>>> print(open('structure-v3.cif').read())   # mmCIF, C-alpha atoms
data_entry
#
loop_
_atom_site.label_atom_id
_atom_site.label_comp_id
_atom_site.auth_asym_id
_atom_site.auth_seq_id
_atom_site.Cartn_x
_atom_site.Cartn_y
_atom_site.Cartn_z
CA MET A 1 -59.47 -63.61 65.39
CA ILE A 2 -59.35 -67.07 63.91
CA ILE A 3 -58.36 -68.62 67.24
CA TYR A 4 -61.72 -67.55 68.73
CA GLY A 5 -63.50 -69.84 66.29
CA VAL A 6 -61.06 -72.69 66.91
CA ALA A 7 -61.41 -72.20 70.66
CA LEU A 8 -65.21 -72.20 70.47
CA LEU A 9 -65.11 -75.39 68.43
CA SER A 10 -62.71 -76.96 70.94
CA LEU A 11 -64.87 -75.98 73.90
CA CYS A 12 -67.98 -77.44 72.26
CA THR A 13 -66.16 -80.67 71.38
CA LEU A 14 -64.67 -81.01 74.88
CA ALA A 15 -68.01 -80.26 76.53
CA GLY A 16 -69.72 -82.82 74.30
CA MET A 17 -67.12 -85.46 75.16
CA PHE A 18 -67.52 -84.68 78.84
CA ILE A 19 -71.31 -85.03 78.64
CA GLY A 20 -70.88 -88.27 76.67
CA ASP A 21 -68.46 -89.75 79.21
CA LEU A 22 -70.64 -88.60 82.10
CA LEU A 23 -73.71 -90.18 80.52
CA GLY A 24 -71.70 -93.37 80.00
CA VAL A 25 -70.98 -93.53 83.73
CA VAL A 26 -74.58 -92.71 84.61
CA VAL A 27 -76.04 -95.49 82.46
CA GLY A 28 -73.23 -97.86 83.43
CA VAL A 29 -71.44 -98.52 80.14
CA LYS A 30 -67.76 -98.07 79.40
CA ALA A 31 -68.51 -95.83 76.47
CA ASN A 32 -68.82 -92.23 75.37
CA VAL A 33 -72.57 -91.95 74.89
CA GLY A 34 -73.32 -89.61 72.00
CA GLY A 35 -70.55 -87.12 72.81
CA VAL A 36 -70.02 -86.04 69.20
CA GLY A 37 -73.77 -85.55 68.75
CA PHE A 38 -74.04 -83.38 71.86
CA ALA A 39 -71.02 -81.35 70.74
CA MET A 40 -72.63 -80.73 67.33
CA LEU A 41 -75.88 -79.56 68.93
CA LEU A 42 -73.93 -77.31 71.27
CA LEU A 43 -71.97 -75.74 68.40
CA LEU A 44 -75.18 -75.29 66.44
CA PHE A 45 -76.91 -73.47 69.31
CA LEU A 46 -73.92 -71.36 70.34
CA THR A 47 -72.95 -70.19 66.85
CA ASP A 48 -76.60 -69.42 66.12
CA LYS A 49 -76.85 -67.31 69.28
CA LEU A 50 -73.51 -65.57 68.81
CA LYS A 51 -74.26 -64.78 65.19
CA ARG A 52 -77.58 -63.25 66.07
CA ARG A 53 -75.90 -60.99 68.60
CA GLY A 54 -73.20 -60.13 66.09
CA HIS A 55 -70.42 -61.60 68.22
CA LEU A 56 -69.32 -64.17 65.65
CA VAL A 57 -67.44 -62.17 63.03
CA PRO A 58 -66.35 -63.77 59.73
CA THR A 59 -62.68 -64.05 60.74
CA SER A 60 -63.63 -65.97 63.88
CA SER A 61 -65.86 -68.33 61.96
CA GLN A 62 -62.95 -69.09 59.61
CA GLY A 63 -61.44 -71.00 62.51
CA ILE A 64 -64.43 -73.35 62.39
CA ALA A 65 -64.72 -73.37 58.60
CA PHE A 66 -61.12 -74.53 58.25
CA TRP A 67 -61.74 -77.70 60.26
CA SER A 68 -64.99 -78.27 58.48
CA ALA A 69 -63.08 -78.20 55.18
CA MET A 70 -60.49 -80.62 56.63
CA TYR A 71 -63.22 -83.12 57.40
CA ILE A 72 -62.91 -85.32 54.29
CA PRO A 73 -59.07 -85.37 54.34
CA ILE A 74 -59.21 -86.40 58.01
CA VAL A 75 -61.73 -89.13 57.14
CA VAL A 76 -59.31 -90.33 54.45
CA ALA A 77 -56.53 -90.48 57.08
CA MET A 78 -58.93 -92.36 59.36
CA ALA A 79 -59.75 -94.86 56.60
CA ALA A 80 -56.03 -95.41 55.96
CA GLN A 81 -55.43 -96.67 59.50
CA GLN A 82 -58.19 -99.27 59.77
CA ASN A 83 -57.54 -102.99 59.84
CA VAL A 84 -58.73 -103.45 56.27
CA ALA A 85 -56.70 -106.60 55.73
CA GLY A 86 -58.53 -108.08 58.71
CA ALA A 87 -61.91 -106.94 57.44
CA ILE A 88 -61.53 -108.34 53.94
CA LYS A 89 -62.92 -111.68 55.03
CA GLY A 90 -66.08 -109.85 56.07
CA GLY A 91 -66.30 -108.04 52.72
CA PRO A 92 -69.62 -109.53 51.58
CA ALA A 93 -71.23 -108.47 54.87
CA ALA A 94 -70.15 -104.85 54.30
CA ILE A 95 -71.42 -104.85 50.72
CA LEU A 96 -74.74 -106.46 51.62
CA ALA A 97 -75.31 -104.11 54.58
CA GLY A 98 -74.60 -101.06 52.41
CA VAL A 99 -76.71 -102.21 49.45
CA LEU A 100 -79.73 -103.26 51.51
CA ALA A 101 -79.68 -100.04 53.54
CA VAL A 102 -79.76 -97.98 50.34
CA VAL A 103 -82.39 -99.99 48.47
CA ILE A 104 -84.90 -100.16 51.32
CA THR A 105 -84.64 -96.55 52.52
CA PHE A 106 -84.66 -95.27 48.93
CA ALA A 107 -87.88 -97.13 48.14
CA LEU A 108 -89.58 -95.47 51.13
CA ILE A 109 -88.83 -91.87 50.06
CA PRO A 110 -92.10 -91.30 48.12
CA LEU A 111 -94.06 -92.44 51.19
CA VAL A 112 -92.25 -90.12 53.60
CA VAL A 113 -92.60 -87.15 51.24
CA ARG A 114 -96.37 -87.42 51.66
CA ILE A 115 -96.19 -87.03 55.46
CA GLY A 116 -97.20 -83.53 56.50
CA ALA A 117 -97.22 -82.37 52.89
CA SER A 118 -100.03 -79.88 53.48
CA SER A 119 -98.36 -78.19 56.45
CA TYR A 120 -95.12 -77.64 54.59
CA VAL A 121 -94.05 -74.02 54.26
CA PRO A 122 -92.22 -73.62 50.95
CA ALA A 123 -90.11 -70.80 52.32
CA ILE A 124 -87.14 -71.33 50.08
CA ASP A 125 -88.87 -73.19 47.28
CA ALA A 126 -89.22 -70.13 45.10
CA ASP A 127 -85.57 -69.71 44.22
CA VAL A 128 -85.20 -73.37 43.38
CA LYS A 129 -87.85 -73.20 40.71
CA ALA A 130 -86.57 -69.89 39.41
CA MET B 1 -26.67 -91.52 48.44
CA ASN B 2 -27.88 -93.93 51.06
CA ASP B 3 -27.18 -91.33 53.72
CA ILE B 4 -29.37 -88.78 52.01
CA ASN B 5 -32.19 -91.28 51.90
CA THR B 6 -31.82 -92.00 55.60
CA ILE B 7 -31.80 -88.30 56.43
CA LEU B 8 -34.84 -87.67 54.25
CA LEU B 9 -36.83 -90.56 55.69
CA GLY B 10 -35.80 -89.45 59.18
CA ALA B 11 -37.03 -85.90 58.53
CA LEU B 12 -40.36 -87.18 57.18
CA ALA B 13 -40.88 -89.55 60.09
CA LYS B 14 -39.90 -86.94 62.68
CA ASN B 15 -42.45 -84.49 61.29
CA GLY B 16 -45.16 -87.13 60.99
CA LEU B 17 -48.22 -84.91 61.03
CA LEU B 18 -46.82 -82.70 58.26
CA THR B 19 -45.96 -85.79 56.21
CA ALA B 20 -49.55 -86.93 56.73
CA PHE B 21 -50.93 -83.59 55.46
CA ALA B 22 -48.75 -83.90 52.35
CA VAL B 23 -49.65 -87.55 51.71
CA VAL B 24 -53.39 -87.04 52.23
CA GLY B 25 -53.27 -83.87 50.14
CA ALA B 26 -51.67 -85.79 47.28
CA THR B 27 -54.30 -88.54 47.70
CA MET B 28 -57.10 -85.96 47.49
CA TRP B 29 -55.59 -84.40 44.37
CA LEU B 30 -55.25 -87.78 42.68
CA SER B 31 -58.84 -88.73 43.60
CA TYR B 32 -60.39 -85.54 42.30
CA PHE B 33 -58.30 -85.85 39.14
CA LEU B 34 -59.45 -89.45 38.58
CA SER B 35 -63.04 -88.54 39.45
CA ALA B 36 -63.17 -85.71 36.91
CA ARG B 37 -61.19 -87.47 34.20
CA PHE B 38 -62.63 -90.99 34.28
CA THR B 39 -66.07 -90.75 35.89
CA ARG B 40 -66.94 -87.21 34.76
CA GLY B 41 -67.65 -86.41 38.42
CA HIS B 42 -70.27 -89.14 38.83
CA LEU B 43 -68.17 -90.87 41.45
CA HIS B 44 -67.35 -87.98 43.77
CA GLY B 45 -63.67 -87.30 44.46
CA SER B 46 -64.17 -87.60 48.22
CA ALA B 47 -65.56 -91.15 47.92
CA LEU B 48 -62.67 -92.12 45.69
CA ALA B 49 -60.21 -90.64 48.22
CA ILE B 50 -61.71 -92.75 51.01
CA ILE B 51 -61.48 -95.85 48.81
CA ILE B 52 -57.79 -95.07 48.20
CA GLY B 53 -57.41 -94.59 51.97
CA LEU B 54 -58.85 -98.05 52.63
CA LEU B 55 -56.61 -99.43 49.89
CA LEU B 56 -53.53 -97.88 51.55
CA ALA B 57 -54.66 -99.40 54.85
CA TYR B 58 -54.89 -102.78 53.15
CA ILE B 59 -51.40 -102.44 51.66
CA GLY B 60 -50.02 -101.36 55.05
CA GLY B 61 -51.68 -104.31 56.75
CA ILE B 62 -50.33 -106.82 54.23
CA ALA B 63 -46.83 -105.29 54.26
CA THR B 64 -46.40 -105.19 58.03
CA GLY B 65 -48.86 -107.78 59.31
CA GLY B 66 -50.07 -105.13 61.78
CA THR B 67 -53.61 -104.05 62.57
CA LYS B 68 -53.35 -100.29 62.07
CA GLY B 69 -53.18 -100.12 58.30
CA ILE B 70 -50.68 -97.68 56.80
CA VAL B 71 -49.82 -96.31 60.24
CA ASP B 72 -47.79 -99.45 61.01
CA ILE B 73 -45.24 -98.18 58.47
CA PRO B 74 -43.18 -95.70 60.57
CA LEU B 75 -42.94 -93.17 57.74
CA PHE B 76 -46.73 -92.77 57.80
CA GLY B 77 -47.14 -92.68 61.57
CA GLY B 78 -48.48 -89.12 61.40
CA ILE B 79 -51.59 -90.34 59.61
CA GLY B 80 -52.48 -91.98 62.91
CA LEU B 81 -52.60 -88.56 64.55
CA MET B 82 -54.36 -86.84 61.65
CA GLY B 83 -57.10 -89.47 61.39
CA GLY B 84 -57.12 -90.36 65.08
CA ALA B 85 -60.11 -89.97 67.36
CA MET B 86 -59.25 -86.47 68.57
CA LEU B 87 -58.94 -84.62 65.25
CA ARG B 88 -61.63 -86.79 63.66
CA ASP B 89 -64.26 -85.85 66.27
CA PHE B 90 -63.07 -82.22 66.15
CA ALA B 91 -63.60 -82.06 62.37
CA ILE B 92 -66.94 -83.85 62.52
CA VAL B 93 -68.27 -81.44 65.14
CA SER B 94 -67.16 -78.50 62.98
CA THR B 95 -69.46 -79.63 60.16
CA ALA B 96 -72.48 -78.73 62.30
CA TYR B 97 -71.48 -75.10 61.79
CA GLY B 98 -73.31 -73.63 58.84
CA ALA B 99 -76.49 -75.62 59.38
CA ASN B 100 -78.96 -73.35 61.08
CA LEU B 101 -81.90 -74.03 63.31
CA GLY B 102 -84.42 -72.20 61.13
CA ASP B 103 -83.59 -74.56 58.28
CA MET B 104 -84.32 -77.51 60.51
CA ARG B 105 -87.83 -76.23 61.24
CA ARG B 106 -88.38 -75.61 57.55
CA CYS B 107 -87.84 -79.29 56.81
CA GLY B 108 -91.19 -79.88 58.44
CA LEU B 109 -92.56 -83.12 59.75
CA SER B 110 -91.50 -85.24 56.80
CA GLY B 111 -87.92 -84.02 57.24
CA ILE B 112 -87.89 -85.16 60.87
CA VAL B 113 -89.61 -88.46 60.04
CA SER B 114 -87.12 -89.08 57.22
CA LEU B 115 -84.19 -88.46 59.58
CA LEU B 116 -85.41 -90.82 62.29
CA LEU B 117 -86.61 -93.48 59.87
CA GLY B 118 -83.45 -93.23 57.77
CA VAL B 119 -81.09 -93.66 60.74
CA ILE B 120 -83.05 -96.37 62.55
CA LEU B 121 -83.92 -98.41 59.47
CA SER B 122 -80.36 -98.34 58.08
CA PHE B 123 -79.10 -99.35 61.50
CA ILE B 124 -81.48 -102.31 61.80
CA ILE B 125 -80.59 -103.53 58.31
CA GLY B 126 -76.84 -103.22 58.97
CA ALA B 127 -77.05 -104.89 62.37
CA GLY B 128 -79.22 -107.65 60.92
CA VAL B 129 -76.73 -108.35 58.13
CA ALA B 130 -73.89 -108.35 60.70
CA TYR B 131 -75.81 -110.92 62.75
CA ALA B 132 -76.41 -113.08 59.66
CA PHE B 133 -72.68 -113.06 58.95
CA GLY B 134 -71.79 -114.26 62.43
CA TYR B 135 -71.06 -110.94 64.19
CA THR B 136 -73.51 -111.76 66.96
CA ASP B 137 -72.13 -109.66 69.86
CA ALA B 138 -73.85 -106.38 70.63
CA VAL B 139 -70.74 -104.23 70.10
CA SER B 140 -69.99 -105.60 66.59
CA MET B 141 -73.65 -105.54 65.55
CA THR B 142 -74.03 -101.94 66.72
CA THR B 143 -70.82 -100.83 65.00
CA ILE B 144 -71.65 -102.44 61.65
CA GLY B 145 -75.27 -101.25 61.92
CA ALA B 146 -73.97 -97.74 62.58
CA GLY B 147 -71.71 -98.13 59.53
CA ALA B 148 -74.80 -98.76 57.42
CA VAL B 149 -76.00 -95.38 58.75
CA THR B 150 -72.87 -93.62 57.45
CA TYR B 151 -69.14 -94.27 57.34
CA ILE B 152 -68.77 -91.55 59.99
CA VAL B 153 -71.36 -92.82 62.42
CA GLY B 154 -69.83 -96.32 62.20
CA PRO B 155 -66.33 -95.55 63.52
CA VAL B 156 -67.58 -92.87 65.95
CA THR B 157 -69.94 -95.42 67.47
CA GLY B 158 -67.38 -98.23 67.32
CA ALA B 159 -64.75 -96.12 69.09
CA ALA B 160 -67.24 -95.08 71.76
CA ILE B 161 -68.32 -98.63 72.64
CA GLY B 162 -64.91 -100.29 72.13
CA ALA B 163 -65.25 -102.24 68.89
CA SER B 164 -62.23 -104.00 67.36
CA SER B 165 -60.43 -102.39 64.43
CA ASP B 166 -61.49 -104.99 61.85
CA VAL B 167 -65.15 -104.49 62.79
CA MET B 168 -64.60 -100.72 62.48
CA ALA B 169 -63.06 -101.22 59.02
CA LEU B 170 -66.08 -103.31 58.08
CA SER B 171 -68.47 -100.59 59.25
CA ILE B 172 -66.58 -97.95 57.24
CA ALA B 173 -66.75 -100.24 54.20
CA ALA B 174 -70.52 -100.68 54.63
CA GLY B 175 -70.98 -96.92 54.82
CA LEU B 176 -68.75 -96.47 51.81
CA VAL B 177 -70.76 -98.95 49.73
CA LYS B 178 -73.84 -96.96 50.69
CA SER B 179 -72.26 -93.63 49.80
CA VAL B 180 -71.00 -94.81 46.40
CA LEU B 181 -74.30 -96.52 45.56
CA VAL B 182 -76.33 -93.41 46.45
CA MET B 183 -73.98 -91.25 44.41
CA VAL B 184 -73.90 -93.43 41.32
CA GLY B 185 -77.36 -95.01 41.43
CA THR B 186 -79.69 -92.16 42.41
CA PRO B 187 -79.58 -90.23 39.12
CA PHE B 188 -81.01 -93.31 37.36
CA PHE B 189 -84.00 -93.56 39.72
CA ALA B 190 -84.56 -89.86 40.45
CA LYS B 191 -87.59 -89.65 38.18
CA ALA B 192 -89.18 -92.76 39.66
CA ILE B 193 -89.37 -91.21 43.14
CA GLY B 194 -90.09 -87.66 41.97
CA LEU B 195 -86.75 -86.25 43.07
CA ASP B 196 -86.96 -82.88 41.31
CA ASN B 197 -88.01 -80.43 44.03
CA ALA B 198 -86.60 -79.00 47.26
CA ARG B 199 -88.96 -80.90 49.51
CA THR B 200 -88.19 -84.34 48.08
CA ALA B 201 -84.49 -83.42 48.10
CA MET B 202 -84.74 -82.77 51.85
CA VAL B 203 -86.45 -86.10 52.46
CA PHE B 204 -83.88 -87.79 50.22
CA GLY B 205 -81.08 -86.25 52.30
CA GLY B 206 -82.77 -87.36 55.51
CA MET B 207 -83.42 -90.92 54.37
CA MET B 208 -80.01 -91.63 52.83
CA GLY B 209 -77.96 -89.36 55.06
CA THR B 210 -74.53 -89.99 53.60
CA THR B 211 -73.55 -86.36 52.92
CA SER B 212 -71.03 -87.06 50.16
CA GLY B 213 -73.42 -89.54 48.48
CA VAL B 214 -76.40 -87.20 48.73
CA CYS B 215 -74.51 -84.14 47.49
CA GLY B 216 -72.84 -86.07 44.69
CA ALA B 217 -76.16 -87.50 43.52
CA LEU B 218 -78.05 -84.20 43.72
CA ALA B 219 -75.25 -82.41 41.90
CA ALA B 220 -75.66 -84.90 39.06
CA ILE B 221 -79.47 -84.46 39.01
CA ASP B 222 -79.82 -80.71 39.55
CA ALA B 223 -77.18 -78.62 41.30
CA LYS B 224 -79.87 -76.32 42.74
CA LEU B 225 -81.09 -79.16 44.95
CA VAL B 226 -77.73 -79.72 46.67
CA PRO B 227 -78.21 -77.35 49.67
CA TYR B 228 -81.57 -78.95 50.55
CA GLY B 229 -80.21 -82.49 50.61
CA ALA B 230 -77.03 -81.34 52.35
CA MET B 231 -79.05 -79.70 55.11
CA THR B 232 -80.92 -82.81 56.24
CA SER B 233 -77.97 -85.12 55.68
CA THR B 234 -75.84 -82.96 58.01
CA PHE B 235 -78.39 -83.49 60.76
CA TYR B 236 -78.45 -87.19 59.88
CA THR B 237 -74.79 -87.70 60.79
CA GLY B 238 -75.28 -85.75 64.02
CA LEU B 239 -78.37 -87.77 64.91
CA GLY B 240 -76.53 -91.01 64.10
CA CYS B 241 -73.57 -90.05 66.29
CA LEU B 242 -76.02 -89.23 69.08
CA LEU B 243 -78.17 -92.38 68.82
CA GLY B 244 -75.53 -94.92 67.75
CA PRO B 245 -73.50 -95.27 70.95
CA SER B 246 -76.55 -94.66 73.14
CA LEU B 247 -80.11 -95.71 72.35
CA LEU B 248 -79.29 -98.01 69.43
CA PHE B 249 -76.47 -99.71 71.35
CA PHE B 250 -78.64 -100.26 74.42
CA ALA B 251 -81.50 -101.60 72.31
CA THR B 252 -79.15 -104.02 70.55
CA ARG B 253 -77.60 -105.13 73.81
CA ALA B 254 -81.01 -105.67 75.36
CA LEU B 255 -81.95 -107.80 72.36
CA VAL B 256 -78.87 -110.04 71.98
CA GLY B 257 -77.23 -109.64 75.40
CA GLY B 258 -73.51 -109.15 76.15
#
>>> encode(input="structure-v3.cif", output="structure tokens")
Amino acid sequence: MIIYGVALLSLCTLAGMFIGDLLGVVVGVKANVGGVGFAMLLLLFLTDKLKRRGHLVPTSSQGIAFWSAMYIPIVVAMAAQQNVAGAIKGGPAAILAGVLAVVITFALIPLVVRIGASSYVPAIDADVKA
Amino acid sequence: MNDINTILLGALAKNGLLTAFAVVGATMWLSYFLSARFTRGHLHGSALAIIIGLLLAYIGGIATGGTKGIVDIPLFGGIGLMGGAMLRDFAIVSTAYGANLGDMRRCGLSGIVSLLLGVILSFIIGAGVAYAFGYTDAVSMTTIGAGAVTYIVGPVTGAAIGASSDVMALSIAAGLVKSVLVMVGTPFFAKAIGLDNARTAMVFGGMMGTTSGVCGALAAIDAKLVPYGAMTSTFYTGLGCLLGPSLLFFATRALVGG
């Protein structure tokens, strides 16, 4: 049932938020520390496990896939409620931050590709070249 | 006639979330139409949709003088729920589904290095620029730095550590600039960095991280490379959401105080 997938996703998100809030209290900040990240890891591990055991049937996973497909529309709704008028005065900062981040990390790609090149297992390379 | 208008507006406002679905759906359709018709898909529809979203927020802010963009117009109140923290985090978490752990191992050492380096370096650059522009408090620096990671990591981090809405908007804009630049610029420089195989595509995804930018760029270079870049860039957002409000925030706070 689709609700099983939605419920699993909800449980992972809630658990992640709980861990994040808990961690915030432990380290003494009024913040949710990495809750979304923990929730993603949790979902990754649980769906992997359930799939392997054959418990996660396609209809259940549709409950997760639906929200995954709603991700960009929700981000659009999120963008539409920001204080853009207030941020306009900081426009050059946003542009510079974005441009510099791209240029510098992009230039480093050939260097990083070389790291561990010999130990790389081209497991799925074959069908790319085909 | 006036009565019908009042009734219609009332119905739309009362069913805010449904109105939001319809409005955002229309925005998405328009963006994908414009993307295909005028940029031949080079500027991905999703990036265009987010730009339109920011534009709507700007119009809302100017029209009402409020701080919550289009949501300050009562008719569009439902967009506040649709794009609010709860559904946003829910949808972001759902994107982890479909990535699998075996793939992560297959990325190898350079995949992991690219992820860490990509997130941390982008963050330092973003936070540094924020500092240069006078955003010298730890919360603003972290939020804008996280925005330079991706436009998702920015607001997730900002919301977690209590950043103001204009700083959040700035961090989304920084991430958006990054996404659009990766999407539009990469095809021109693909040859220069040898971006024509699965392995480099994975490193590319890990270094740049912005999923829409990476997928858009790879689709323009060679559609067969898309899954490889998408794989690492999915982990990138997760890693950013994990590190942003924690390690990176603490490090920034330790450095500048407050």
>>> residues_around(input="structure-v3.cif", residues="range 239-243 of chain B", least_positions_apart="3", cutoff="9 Å", atoms="all atoms listed in the file", output="ChimeraX atom specification")
/A:33-38 /B:115-116,119-120,146,149-150,152-154,156-157,234-236,246-249
>>> residues_near_point(input="structure-v3.cif", point="(-70.0, -83.3, 76.7)", cutoff="10 Å", atoms="all atoms listed in the file", output="PyMOL selection string")
chain A and resi 11-23+32-39+42
>>> write_last_selection(input="structure-v3.cif", atoms="C-alpha atoms", output="PDB file, in the frame of the given file")
ATOM      1  CA  LEU A  11     -64.870 -75.980  73.900  1.00  0.00           C
ATOM      2  CA  CYS A  12     -67.980 -77.440  72.260  1.00  0.00           C
ATOM      3  CA  THR A  13     -66.160 -80.670  71.380  1.00  0.00           C
ATOM      4  CA  LEU A  14     -64.670 -81.010  74.880  1.00  0.00           C
ATOM      5  CA  ALA A  15     -68.010 -80.260  76.530  1.00  0.00           C
ATOM      6  CA  GLY A  16     -69.720 -82.820  74.300  1.00  0.00           C
ATOM      7  CA  MET A  17     -67.120 -85.460  75.160  1.00  0.00           C
ATOM      8  CA  PHE A  18     -67.520 -84.680  78.840  1.00  0.00           C
ATOM      9  CA  ILE A  19     -71.310 -85.030  78.640  1.00  0.00           C
ATOM     10  CA  GLY A  20     -70.880 -88.270  76.670  1.00  0.00           C
ATOM     11  CA  ASP A  21     -68.460 -89.750  79.210  1.00  0.00           C
ATOM     12  CA  LEU A  22     -70.640 -88.600  82.100  1.00  0.00           C
ATOM     13  CA  LEU A  23     -73.710 -90.180  80.520  1.00  0.00           C
ATOM     14  CA  ASN A  32     -68.820 -92.230  75.370  1.00  0.00           C
ATOM     15  CA  VAL A  33     -72.570 -91.950  74.890  1.00  0.00           C
ATOM     16  CA  GLY A  34     -73.320 -89.610  72.000  1.00  0.00           C
ATOM     17  CA  GLY A  35     -70.550 -87.120  72.810  1.00  0.00           C
ATOM     18  CA  VAL A  36     -70.020 -86.040  69.200  1.00  0.00           C
ATOM     19  CA  GLY A  37     -73.770 -85.550  68.750  1.00  0.00           C
ATOM     20  CA  PHE A  38     -74.040 -83.380  71.860  1.00  0.00           C
ATOM     21  CA  ALA A  39     -71.020 -81.350  70.740  1.00  0.00           C
ATOM     22  CA  LEU A  42     -73.930 -77.310  71.270  1.00  0.00           C
TER      23      LEU A  42
END
>>> resolve_selection(input="structure-v3.cif", expression="the PyMOL selection byres ((chain B and resi 218) around 10)", output="list of chain:residue names")
B:Val182, B:Met183, B:Thr186, B:Pro187, B:Ala190, B:Leu195, B:Asp196, B:Ala201, B:Phe204, B:Gly205, B:Ser212, B:Gly213, B:Val214, B:Cys215, B:Gly216, B:Ala217, B:Ala219, B:Ala220, B:Ile221, B:Asp222, B:Ala223, B:Lys224, B:Leu225, B:Val226, B:Pro227, B:Tyr228, B:Gly229, B:Ala230
>>> resolve_selection(input="structure-v3.cif", expression="the PyMOL selection byres ((chain A and resi 100) around 10)", output="PyMOL selection string")
(chain A and resi 95-99+101-106) or (chain B and resi 122+125-126+129+148+178)
>>> atom_distance(input="structure-v3.cif", atom1="CA of Gly53 in chain B", atom2="CA of Val139 in chain B")
24.5 Å
>>> residues_around(input="structure-v3.cif", residues="His42 in chain B", least_positions_apart="2", cutoff="7 Å", atoms="all atoms listed in the file", output="VMD selection string")
chain B and resid 39 to 40 44 184 220
>>> residues_around(input="structure-v3.cif", residues="Ala80 in chain A", least_positions_apart="6", cutoff="7 Å", atoms="all atoms listed in the file", output="list in words")
Gly53, Leu54, Leu56, Ala57, Gly69 and Ile70 of chain B
>>> resolve_selection(input="structure-v3.cif", expression="the PyMOL selection byres ((chain A and resi 70) around 12)", output="PyMOL selection string")
(chain A and resi 63-69+71-77) or (chain B and resi 21+24-25+28+46+82-83+87-95)
>>> axis_aligned_box(input="structure-v3.cif", around="range 40-46 of chain A", padding_each_side="3 Å", output="JSON")
{"center_x": -74.4, "center_y": -76.0, "center_z": 68.9, "size_x": 10.9, "size_y": 15.4, "size_z": 10.8}
>>> atom_distance(input="structure-v3.cif", atom1="CA of Ile172 in chain B", atom2="CA of Tyr151 in chain B")
4.5 Å
>>> residues_around(input="structure-v3.cif", residues="Ile144 in chain B", least_positions_apart="4", cutoff="8 Å", atoms="all atoms listed in the file", output="list in words")
Ala94 of chain A; Gly126, Ala127, Ala130, Ser140, Ala148, Gly154, Val167, Met168, Leu170, Ser171 and Ala174 of chain B
>>> decode(input="structure-v3.cif", residues="range 161-199 of chain B", atoms="C-alpha atoms", output="PDB file, in the first residue's frame")
ATOM      1  CA  ILE B 161      20.297  27.796  13.141  1.00  0.00           C
ATOM      2  CA  GLY B 162      17.712  30.612  13.035  1.00  0.00           C
ATOM      3  CA  ALA B 163      18.832  32.857  10.190  1.00  0.00           C
ATOM      4  CA  SER B 164      16.680  35.805   9.080  1.00  0.00           C
ATOM      5  CA  SER B 165      14.546  35.479   5.956  1.00  0.00           C
ATOM      6  CA  ASP B 166      16.544  37.951   3.853  1.00  0.00           C
ATOM      7  CA  VAL B 167      19.763  36.034   4.588  1.00  0.00           C
ATOM      8  CA  MET B 168      17.934  32.826   3.624  1.00  0.00           C
ATOM      9  CA  ALA B 169      16.804  34.433   0.355  1.00  0.00           C
ATOM     10  CA  LEU B 170      20.395  35.453  -0.279  1.00  0.00           C
ATOM     11  CA  SER B 171      21.630  31.908   0.319  1.00  0.00           C
ATOM     12  CA  ILE B 172      19.015  30.506  -2.078  1.00  0.00           C
ATOM     13  CA  ALA B 173      20.093  33.084  -4.666  1.00  0.00           C
ATOM     14  CA  ALA B 174      23.762  32.087  -4.264  1.00  0.00           C
ATOM     15  CA  GLY B 175      22.863  28.430  -4.761  1.00  0.00           C
ATOM     16  CA  LEU B 176      20.728  29.335  -7.742  1.00  0.00           C
ATOM     17  CA  VAL B 177      23.566  31.278  -9.395  1.00  0.00           C
ATOM     18  CA  LYS B 178      25.710  28.196  -8.889  1.00  0.00           C
ATOM     19  CA  SER B 179      23.097  25.845 -10.320  1.00  0.00           C
ATOM     20  CA  VAL B 180      22.463  27.974 -13.418  1.00  0.00           C
ATOM     21  CA  LEU B 181      26.173  28.535 -14.027  1.00  0.00           C
ATOM     22  CA  VAL B 182      26.957  24.803 -13.763  1.00  0.00           C
ATOM     23  CA  MET B 183      24.068  24.006 -16.091  1.00  0.00           C
ATOM     24  CA  VAL B 184      24.880  26.584 -18.740  1.00  0.00           C
ATOM     25  CA  GLY B 185      28.670  26.800 -18.442  1.00  0.00           C
ATOM     26  CA  THR B 186      29.813  23.188 -18.051  1.00  0.00           C
ATOM     27  CA  PRO B 187      29.156  22.029 -21.628  1.00  0.00           C
ATOM     28  CA  PHE B 188      31.640  24.668 -22.847  1.00  0.00           C
ATOM     29  CA  PHE B 189      34.432  23.434 -20.558  1.00  0.00           C
ATOM     30  CA  ALA B 190      33.631  19.699 -20.524  1.00  0.00           C
ATOM     31  CA  LYS B 191      36.482  18.841 -22.878  1.00  0.00           C
ATOM     32  CA  ALA B 192      39.008  20.880 -20.909  1.00  0.00           C
ATOM     33  CA  ILE B 193      38.504  18.779 -17.763  1.00  0.00           C
ATOM     34  CA  GLY B 194      37.978  15.462 -19.570  1.00  0.00           C
ATOM     35  CA  LEU B 195      34.312  15.150 -18.647  1.00  0.00           C
ATOM     36  CA  ASP B 196      33.393  12.290 -20.988  1.00  0.00           C
ATOM     37  CA  ASN B 197      33.417   9.188 -18.776  1.00  0.00           C
ATOM     38  CA  ALA B 198      31.473   7.800 -15.814  1.00  0.00           C
ATOM     39  CA  ARG B 199      34.268   8.319 -13.329  1.00  0.00           C
TER      40      ARG B 199
END
